[in-house]
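K.L.:
Provided below: start.txt, containing compact mmCIF, C-alpha atoms.
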```txt
# COMPACT_ATOMS: atom_id res chain seq x y z
CA MET A 1 98.88 85.91 107.91
CA HIS A 2 96.67 88.81 106.80
CA ILE A 3 96.69 91.32 109.66
CA PRO A 4 93.24 92.85 110.30
CA ASP A 5 92.78 96.45 111.39
CA GLY A 6 93.07 97.00 115.14
CA PHE A 7 96.17 94.88 115.78
CA LEU A 8 98.70 97.56 114.82
CA SER A 9 99.48 100.91 116.43
CA VAL A 10 99.35 104.17 114.48
CA ALA A 11 103.16 104.36 114.42
CA THR A 12 103.46 100.82 113.01
CA VAL A 13 100.75 101.50 110.43
CA ALA A 14 102.51 104.70 109.33
CA THR A 15 105.99 103.15 109.19
CA THR A 16 104.95 100.04 107.27
CA CYS A 17 102.84 102.12 104.85
CA VAL A 18 105.78 104.39 104.05
CA VAL A 19 108.22 101.49 103.63
CA SER A 20 105.79 99.47 101.49
CA ALA A 21 104.87 102.47 99.34
CA GLY A 22 108.58 102.98 98.70
CA GLY A 23 109.02 99.28 97.94
CA VAL A 24 106.10 99.16 95.52
CA GLY A 25 107.28 102.38 93.88
CA ASN A 26 110.69 100.88 93.31
CA ALA A 27 109.15 97.64 92.04
CA VAL A 28 107.26 99.68 89.43
CA ARG A 29 110.46 101.52 88.47
CA VAL A 30 112.50 98.31 88.09
CA ALA A 31 109.69 96.57 86.18
CA ASN A 32 109.46 99.58 83.89
CA GLN A 33 113.08 99.00 82.86
CA LYS A 34 113.22 95.20 82.74
CA LEU A 35 109.73 93.93 81.95
CA ARG A 36 109.28 92.54 78.45
CA GLU A 37 106.28 91.25 76.58
CA ARG A 38 107.17 87.62 77.36
CA HIS A 39 106.86 88.30 81.11
CA VAL A 40 103.28 89.58 80.87
CA PRO A 41 101.22 86.34 80.72
CA LEU A 42 103.28 84.65 83.47
CA MET A 43 102.75 87.68 85.73
CA GLY A 44 98.98 87.39 85.22
CA VAL A 45 98.80 83.62 85.63
CA LEU A 46 100.93 83.73 88.81
CA ALA A 47 98.71 86.44 90.33
CA ALA A 48 95.57 84.43 89.56
CA PHE A 49 97.18 81.24 90.90
CA ILE A 50 98.40 82.87 94.11
CA PHE A 51 94.95 84.36 94.75
CA ALA A 52 93.17 81.02 94.17
CA ALA A 53 95.74 78.97 96.10
CA GLN A 54 95.57 81.38 99.06
CA MET A 55 91.90 80.44 99.46
CA LEU A 56 92.88 76.80 100.00
CA ASN A 57 93.68 76.65 103.70
CA PHE A 58 95.30 73.35 104.63
CA PRO A 59 95.10 71.99 108.18
CA ILE A 60 98.22 71.89 110.35
CA ALA A 61 98.51 70.82 113.98
CA GLY A 62 96.11 71.88 116.73
CA GLY A 63 92.96 73.00 114.92
CA THR A 64 94.93 75.57 112.96
CA SER A 65 95.25 76.07 109.22
CA GLY A 66 97.65 77.76 106.89
CA HIS A 67 97.69 78.75 103.27
CA LEU A 68 100.18 79.49 100.54
CA ILE A 69 101.67 82.98 100.43
CA GLY A 70 103.19 82.45 96.99
CA ALA A 71 105.79 85.23 97.10
CA ALA A 72 108.71 82.81 96.95
CA LEU A 73 107.22 81.08 93.89
CA ALA A 74 106.71 84.41 92.11
CA ALA A 75 110.19 85.66 93.06
CA ILE A 76 111.88 82.42 91.94
CA LEU A 77 110.21 82.51 88.52
CA LEU A 78 110.19 86.27 87.87
CA GLY A 79 112.55 87.91 90.37
CA PRO A 80 112.01 89.70 93.70
CA TRP A 81 110.66 93.03 92.39
CA ALA A 82 108.17 91.25 90.16
CA GLY A 83 107.25 89.24 93.26
CA VAL A 84 106.59 92.46 95.19
CA LEU A 85 104.42 93.75 92.34
CA ILE A 86 102.35 90.55 92.05
CA MET A 87 101.92 90.15 95.81
CA SER A 88 100.90 93.81 96.19
CA CYS A 89 98.17 93.38 93.57
CA VAL A 90 96.91 90.20 95.26
CA LEU A 91 96.96 91.80 98.74
CA ILE A 92 95.28 95.01 97.55
CA ALA A 93 92.50 93.01 95.85
CA GLN A 94 92.06 90.81 98.95
CA CYS A 95 91.86 93.90 101.16
CA LEU A 96 89.55 96.04 99.00
CA ILE A 97 87.24 93.39 97.51
CA PHE A 98 87.37 90.41 99.88
CA GLN A 99 87.88 92.18 103.24
CA ASP A 100 90.86 89.91 104.00
CA GLY A 101 93.49 92.02 105.74
CA GLY A 102 92.76 95.48 107.12
CA LEU A 103 92.82 98.70 105.11
CA LEU A 104 95.22 100.37 107.53
CA ALA A 105 97.20 97.13 107.87
CA LEU A 106 97.69 96.91 104.10
CA GLY A 107 101.16 98.44 104.32
CA ALA A 108 102.23 95.88 106.92
CA ASN A 109 100.71 93.01 104.94
CA ILE A 110 102.51 94.14 101.76
CA PHE A 111 105.72 94.49 103.75
CA ASN A 112 105.48 91.00 105.31
CA MET A 113 103.99 88.90 102.52
CA GLY A 114 105.22 91.02 99.61
CA ILE A 115 108.61 92.53 100.37
CA VAL A 116 110.01 90.27 103.11
CA ALA A 117 108.67 87.05 101.59
CA SER A 118 109.70 87.87 97.99
CA PHE A 119 113.23 88.95 98.81
CA SER A 120 113.92 86.24 101.37
CA GLY A 121 112.47 83.64 98.99
CA TYR A 122 114.53 84.90 96.06
CA TYR A 123 117.87 85.04 97.88
CA LEU A 124 117.33 81.80 99.80
CA TYR A 125 116.64 80.14 96.44
CA ARG A 126 119.83 81.57 94.95
CA LEU A 127 121.78 80.42 98.01
CA ALA A 128 120.22 76.95 97.95
CA ILE A 129 120.90 76.29 94.26
CA SER A 130 124.47 77.52 94.65
CA LEU A 131 124.87 74.77 97.27
CA SER A 132 122.74 71.97 95.84
CA GLY A 133 123.28 72.64 92.13
CA ASP A 134 121.22 74.08 89.31
CA GLU A 135 119.86 70.70 88.17
CA ARG A 136 116.19 69.80 88.52
CA ARG A 137 116.75 68.24 91.96
CA GLY A 138 118.63 71.32 93.17
CA LYS A 139 115.90 73.64 91.90
CA LEU A 140 113.16 71.71 93.71
CA ILE A 141 115.14 71.58 96.96
CA GLY A 142 115.93 75.27 96.54
CA GLY A 143 112.24 76.03 95.95
CA PHE A 144 111.23 74.17 99.11
CA VAL A 145 113.87 75.85 101.27
CA ALA A 146 113.15 79.32 99.84
CA ALA A 147 109.40 78.93 100.33
CA TRP A 148 109.76 77.65 103.89
CA GLY A 149 112.15 80.46 104.79
CA SER A 150 109.93 83.12 103.21
CA VAL A 151 106.96 82.12 105.39
CA PHE A 152 109.10 81.82 108.51
CA LEU A 153 110.69 85.26 108.03
CA ALA A 154 107.37 86.91 107.10
CA SER A 155 105.85 85.56 110.33
CA ILE A 156 108.78 86.99 112.32
CA ALA A 157 108.27 90.40 110.68
CA CYS A 158 104.57 90.14 111.55
CA ALA A 159 105.36 89.19 115.16
CA ILE A 160 107.71 92.17 115.53
CA GLU A 161 105.01 94.54 114.20
CA LEU A 162 102.48 93.08 116.67
CA ALA A 163 104.91 93.41 119.55
CA VAL A 164 105.96 96.97 118.67
CA SER A 165 102.25 97.85 118.46
CA GLY A 166 101.70 96.52 121.97
CA ALA A 167 99.25 93.77 120.94
CA SER A 168 101.36 91.15 122.73
CA PRO A 169 104.90 91.06 124.20
CA LEU A 170 107.64 89.96 121.75
CA ALA A 171 108.69 87.06 124.00
CA VAL A 172 105.13 85.71 123.70
CA VAL A 173 104.13 86.48 120.13
CA LEU A 174 107.44 85.75 118.38
CA PRO A 175 107.81 82.08 119.36
CA ALA A 176 104.08 81.51 118.79
CA MET A 177 104.10 83.03 115.28
CA ALA A 178 107.41 81.41 114.32
CA GLY A 179 106.27 78.03 115.66
CA PHE A 180 102.98 77.86 113.75
CA HIS A 181 104.54 79.25 110.58
CA ALA A 182 107.44 76.80 110.71
CA LEU A 183 104.70 74.19 110.14
CA ILE A 184 102.74 76.25 107.59
CA GLY A 185 106.03 76.81 105.73
CA ILE A 186 106.26 73.05 105.05
CA GLY A 187 103.01 73.34 103.08
CA GLU A 188 104.34 76.42 101.29
CA GLY A 189 107.53 74.51 100.45
CA LEU A 190 105.68 71.46 99.09
CA ILE A 191 103.31 73.56 96.94
CA THR A 192 106.17 75.73 95.63
CA ALA A 193 108.30 72.69 94.75
CA ALA A 194 105.30 70.99 93.10
CA VAL A 195 104.52 74.03 90.92
CA LEU A 196 108.21 74.45 90.01
CA SER A 197 108.36 70.78 89.09
CA PHE A 198 105.25 71.17 86.90
CA VAL A 199 106.69 74.25 85.15
CA LEU A 200 110.08 72.54 84.63
CA VAL A 201 108.37 69.56 82.97
CA THR A 202 105.86 71.45 80.84
CA ARG A 203 107.50 74.80 80.03
CA PRO A 204 111.16 74.86 81.17
CA ASP A 205 111.66 78.07 79.15
CA LEU A 206 109.47 79.91 81.69
CA CYS A 207 112.21 79.28 84.27
CA GLN A 208 114.73 81.05 82.03
CA LEU A 209 113.08 84.50 81.88
CA GLU A 210 115.15 87.47 82.93
CA ARG A 211 114.50 88.12 86.63
CA ILE A 212 112.96 91.45 87.55
CA MET B 1 95.68 76.30 73.46
CA LYS B 2 98.41 78.69 74.51
CA TRP B 3 100.29 77.80 77.71
CA TRP B 4 98.90 80.76 79.66
CA GLN B 5 95.33 79.71 78.81
CA ILE B 6 96.07 76.30 80.32
CA GLY B 7 97.70 78.06 83.31
CA LEU B 8 94.62 80.22 83.83
CA LEU B 9 92.41 77.13 83.55
CA VAL B 10 94.46 75.47 86.31
CA CYS B 11 93.87 78.58 88.48
CA LEU B 12 90.12 78.38 87.88
CA VAL B 13 90.14 74.66 88.79
CA VAL B 14 91.97 75.54 92.01
CA ALA B 15 89.29 78.18 92.71
CA CYS B 16 86.61 75.51 92.18
CA ILE B 17 88.04 73.27 94.92
CA SER B 18 88.24 76.18 97.39
CA PRO B 19 85.16 75.00 99.37
CA LEU B 20 87.34 72.06 100.48
CA ALA B 21 89.65 74.46 102.34
CA SER B 22 90.09 74.02 106.08
CA SER B 23 87.90 76.47 108.01
CA SER B 24 90.18 76.41 111.06
CA PRO B 25 91.75 79.73 112.05
CA ASP B 26 95.04 80.46 110.29
CA GLY B 27 98.39 80.82 112.05
CA LEU B 28 97.97 84.51 112.92
CA GLU B 29 94.33 84.09 114.08
CA ARG B 30 95.36 81.10 116.22
CA VAL B 31 98.16 83.10 117.87
CA ALA B 32 95.80 86.07 118.40
CA GLU B 33 93.26 83.75 120.07
CA ASN B 34 95.81 81.90 122.20
CA LYS B 35 97.59 85.07 123.30
CA GLY B 36 94.37 87.00 123.93
CA PHE B 37 94.49 89.85 121.41
CA ILE B 38 91.95 88.60 118.84
CA ASP B 39 89.35 91.04 120.23
CA LEU B 40 91.43 93.97 118.99
CA ALA B 41 90.44 93.04 115.41
CA GLN B 42 88.05 95.49 113.79
CA GLU B 43 85.48 94.81 111.08
CA ALA B 44 86.10 96.34 107.68
CA PRO B 45 84.17 99.61 107.16
CA PHE B 46 82.57 98.16 104.02
CA GLN B 47 81.99 94.69 102.61
CA ILE B 48 82.05 93.67 98.96
CA ILE B 49 82.79 89.94 98.75
CA ALA B 50 83.61 89.57 102.45
CA ASP B 51 85.25 86.31 103.59
CA TYR B 52 85.33 84.98 100.00
CA VAL B 53 81.55 84.40 99.96
CA PHE B 54 79.87 85.98 96.94
CA PRO B 55 76.79 87.87 98.16
CA GLY B 56 73.30 86.79 97.08
CA ILE B 57 74.11 83.11 96.55
CA GLU B 58 72.43 80.84 99.09
CA ASN B 59 74.67 77.79 98.69
CA GLU B 60 77.88 78.69 100.50
CA ALA B 61 80.10 76.34 98.51
CA VAL B 62 78.86 77.85 95.24
CA ALA B 63 79.27 81.38 96.65
CA THR B 64 82.88 80.56 97.59
CA ILE B 65 83.60 79.12 94.16
CA VAL B 66 82.12 82.18 92.44
CA ALA B 67 84.22 84.46 94.69
CA GLY B 68 87.33 82.46 93.80
CA LEU B 69 86.60 82.56 90.06
CA VAL B 70 85.84 86.29 90.14
CA GLY B 71 89.00 87.05 92.15
CA SER B 72 91.25 84.93 89.95
CA LEU B 73 89.95 86.53 86.77
CA ILE B 74 90.23 90.05 88.24
CA LEU B 75 93.83 89.43 89.27
CA PHE B 76 94.76 87.88 85.94
CA GLY B 77 93.29 90.88 84.13
CA VAL B 78 94.65 93.57 86.42
CA VAL B 79 98.18 92.17 86.68
CA CYS B 80 98.41 91.51 82.91
CA GLY B 81 97.16 95.07 82.37
CA ILE B 82 99.72 96.59 84.75
CA ALA B 83 102.52 94.45 83.30
CA TRP B 84 101.46 95.43 79.78
CA LEU B 85 101.55 99.14 80.64
CA LEU B 86 104.96 98.83 82.32
CA LYS B 87 106.28 96.86 79.36
CA SER B 88 105.20 99.42 76.79
CA ARG B 89 106.50 102.32 78.83
CA GLY B 90 109.82 100.50 79.09
CA ARG B 91 109.97 100.16 75.34
CA GLU B 92 109.25 103.86 74.80
CA ALA B 93 111.94 104.78 77.30
CA ALA B 94 114.44 102.66 75.38
CA LYS B 95 113.82 104.47 72.09
```
Taking this structure as input, can you express it in the form of structure tokens?
P.N.:
Amino acid sequence: MHIPDGFLSVATVATTCVVSAGGVGNAVRVANQKLRERHVPLMGVLAAFIFAAQMLNFPIAGGTSGHLIGAALAAILLGPWAGVLIMSCVLIAQCLIFQDGGLLALGANIFNMGIVASFSGYYLYRLAISLSGDERRGKLIGGFVAAWGSVFLASIACAIELAVSGASPLAVVLPAMAGFHALIGIGEGLITAAVLSFVLVTRPDLCQLERI
Amino acid sequence: MKWWQIGLLVCLVVACISPLASSSPDGLERVAENKGFIDLAQEAPFQIIADYVFPGIENEAVATIVAGLVGSLILFGVVCGIAWLLKSRGREAAK
């Protein structure tokens, strides 16, 4: 879902850059207060995992592929602001080093895949485990739901930015983006639940860190 | 081995299977093609490891793996570094 340069209007670029800069600034501020030494290695491993896993496009219907975003996974394990921080680092590296996602579109990409996906993933997870319970089964269901929702909502944010920019009318681009990403979200949900399951088996204490 | 070393190793293994990734367009590219605005996309003004293919390596699978390994290690290092700085500043602020 990395937006290249050229899709967004100047106004959309400016707005998303300002909002994302504010979001990242606040993420730094919150992390500065809450981050402890025990968070550090998990932050690094999650960033490396999200980068590597994002390279693994999986096929969905109709000659189309999707890949993990990873924001929901990061937000579930470390909290939404830590999720914003990790996703911003991944997206900045992808933009500057790997030419994936436009330079001017960086603000929009951080907004969609960092801020929207982290916060929706985090709160959908909280909602889901309050309904299905905090046991292992509840956590895995919650992880799947949160991950699916995070991709779906990020794609809607992306569609709105494209429509506002005049790339395509909202009535056209919104159902198309939401439709494809409803399918891609299933992959996101399965990967997120699988990683959560692996962490719960091997290092359940990593699921007990204070959320940032 | 510490748990994070095993975690990082898992990331590097994931990077090594990256040539198996589907090369079909992703959701956004598909929508842009179907709805006729893909041509608006502009090339990046500079290229370093463009499209996850490490430059100067003839075998594309190897070039992709190297790009994945390099990116994973960079992100591990950078994010640990940032987290470490934020952590220590937090501790000073608490004193």
K.L.:
Nearest residue to Ile17 (chain B) out of A:Val172, A:Ala53, A:Ala21, A:Val45, using all atoms listed in the file?
P.N.:
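Result for the nearest residue to Ile17 (chain B): A:Ala53.
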K.L.:
Check which residues of chain B sit at most 8 Å from chain A using only C-alpha atoms, and return one row each with the closest pair of atoms and their distance in Å to one decimal, ordered by chain and rising number, as CSV.
P.N.:
```
residue,atom,partner,partner_atom,distance
B:Trp4,CA,A:Pro41,CA,6.1
B:Gly7,CA,A:Val45,CA,6.1
B:Leu8,CA,A:Val45,CA,5.7
B:Val10,CA,A:Phe49,CA,7.9
B:Cys11,CA,A:Phe49,CA,4.9
B:Leu12,CA,A:Ala52,CA,7.5
B:Val14,CA,A:Ala52,CA,6.0
B:Ala15,CA,A:Ala52,CA,5.0
B:Ile17,CA,A:Leu56,CA,7.9
B:Ser18,CA,A:Leu56,CA,5.4
B:Pro19,CA,A:Leu56,CA,8.0
B:Leu20,CA,A:Leu56,CA,7.3
B:Ala21,CA,A:Leu56,CA,4.6
B:Ser22,CA,A:Asn57,CA,5.0
B:Ser23,CA,A:Asn57,CA,7.2
B:Ser24,CA,A:Thr64,CA,5.2
B:Pro25,CA,A:Thr64,CA,5.3
B:Asp26,CA,A:Ser65,CA,4.5
B:Gly27,CA,A:Phe180,CA,5.7
B:Leu28,CA,A:Met1,CA,5.3
B:Glu29,CA,A:Met1,CA,7.9
B:Arg30,CA,A:Thr64,CA,6.4
B:Val31,CA,A:Ala176,CA,6.2
B:Lys35,CA,A:Ser168,CA,7.2
B:Phe37,CA,A:Ala167,CA,6.2
B:Leu40,CA,A:Gly6,CA,5.2
B:Ala41,CA,A:Gly6,CA,4.8
B:Gln42,CA,A:Asp5,CA,5.4
B:Glu43,CA,A:Asp5,CA,7.5
B:Ala44,CA,A:Gln99,CA,6.3
B:Gln47,CA,A:Gln99,CA,6.4
B:Ile48,CA,A:Ile97,CA,5.4
B:Ile49,CA,A:Phe98,CA,4.7
B:Ala50,CA,A:Phe98,CA,4.6
B:Asp51,CA,A:Phe98,CA,5.9
B:Tyr52,CA,A:Phe98,CA,5.8
B:Gly68,CA,A:Ala52,CA,6.0
B:Leu69,CA,A:Ala52,CA,7.9
B:Gly71,CA,A:Phe51,CA,7.0
B:Ser72,CA,A:Ala48,CA,4.4
B:Leu73,CA,A:Ala48,CA,6.6
B:Ile74,CA,A:Ala48,CA,7.9
B:Leu75,CA,A:Ala48,CA,5.3
B:Phe76,CA,A:Gly44,CA,4.3
B:Gly77,CA,A:Gly44,CA,6.8
B:Val78,CA,A:Gly44,CA,7.6
B:Val79,CA,A:Gly44,CA,5.1
B:Cys80,CA,A:Gly44,CA,4.8
B:Ala83,CA,A:Val40,CA,5.5
B:Trp84,CA,A:Val40,CA,6.2
B:Leu86,CA,A:Asn32,CA,4.8
B:Lys87,CA,A:Leu35,CA,5.2
B:Arg89,CA,A:Asn32,CA,6.5
B:Gly90,CA,A:Asn32,CA,4.9
```
K.L.:
CA of Ala74 (chain A) to CA of Asn26 (chain A): how many Å, to one decimal?
P.N.:
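Atom-to-atom, CA of Ala74 (chain A) to CA of Asn26 (chain A), that is 17.0 Å.
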K.L.:
Quick one, how far is CA of Ile186 (chain A) from CA of Gly143 (chain A)?
P.N.:
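Straight-line distance from CA of Ile186 (chain A) to CA of Gly143 (chain A) works out to 11.3 Å.
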K.L.:
Could you work out how far CA of Ile129 (chain A) lies from CA of Pro80 (chain A), giving the answer in Å with one decimal?
P.N.:
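Between these atoms lies a distance of 16.1 Å.
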K.L.:
Neighbouring residues of region 188-191 of chain A were defined as those with any atom within 10 Å, considering all atoms listed in the file; residues of the same chain fewer than 5 positions away were excluded. Please report them as a PyMOL selection string.
P.N.:
chain A and resi 53+66-73+140-151+181-183+196-197
K.L.:
May I ask which of the residues A:Ser132, A:Ser165, A:Ser118, A:Ser9 is the closest one to Leu78 (chain A), counting all atoms listed in the file?
P.N.:
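Using all atoms listed in the file, the shortest distance to Leu78 (chain A) belongs to A:Ser118.
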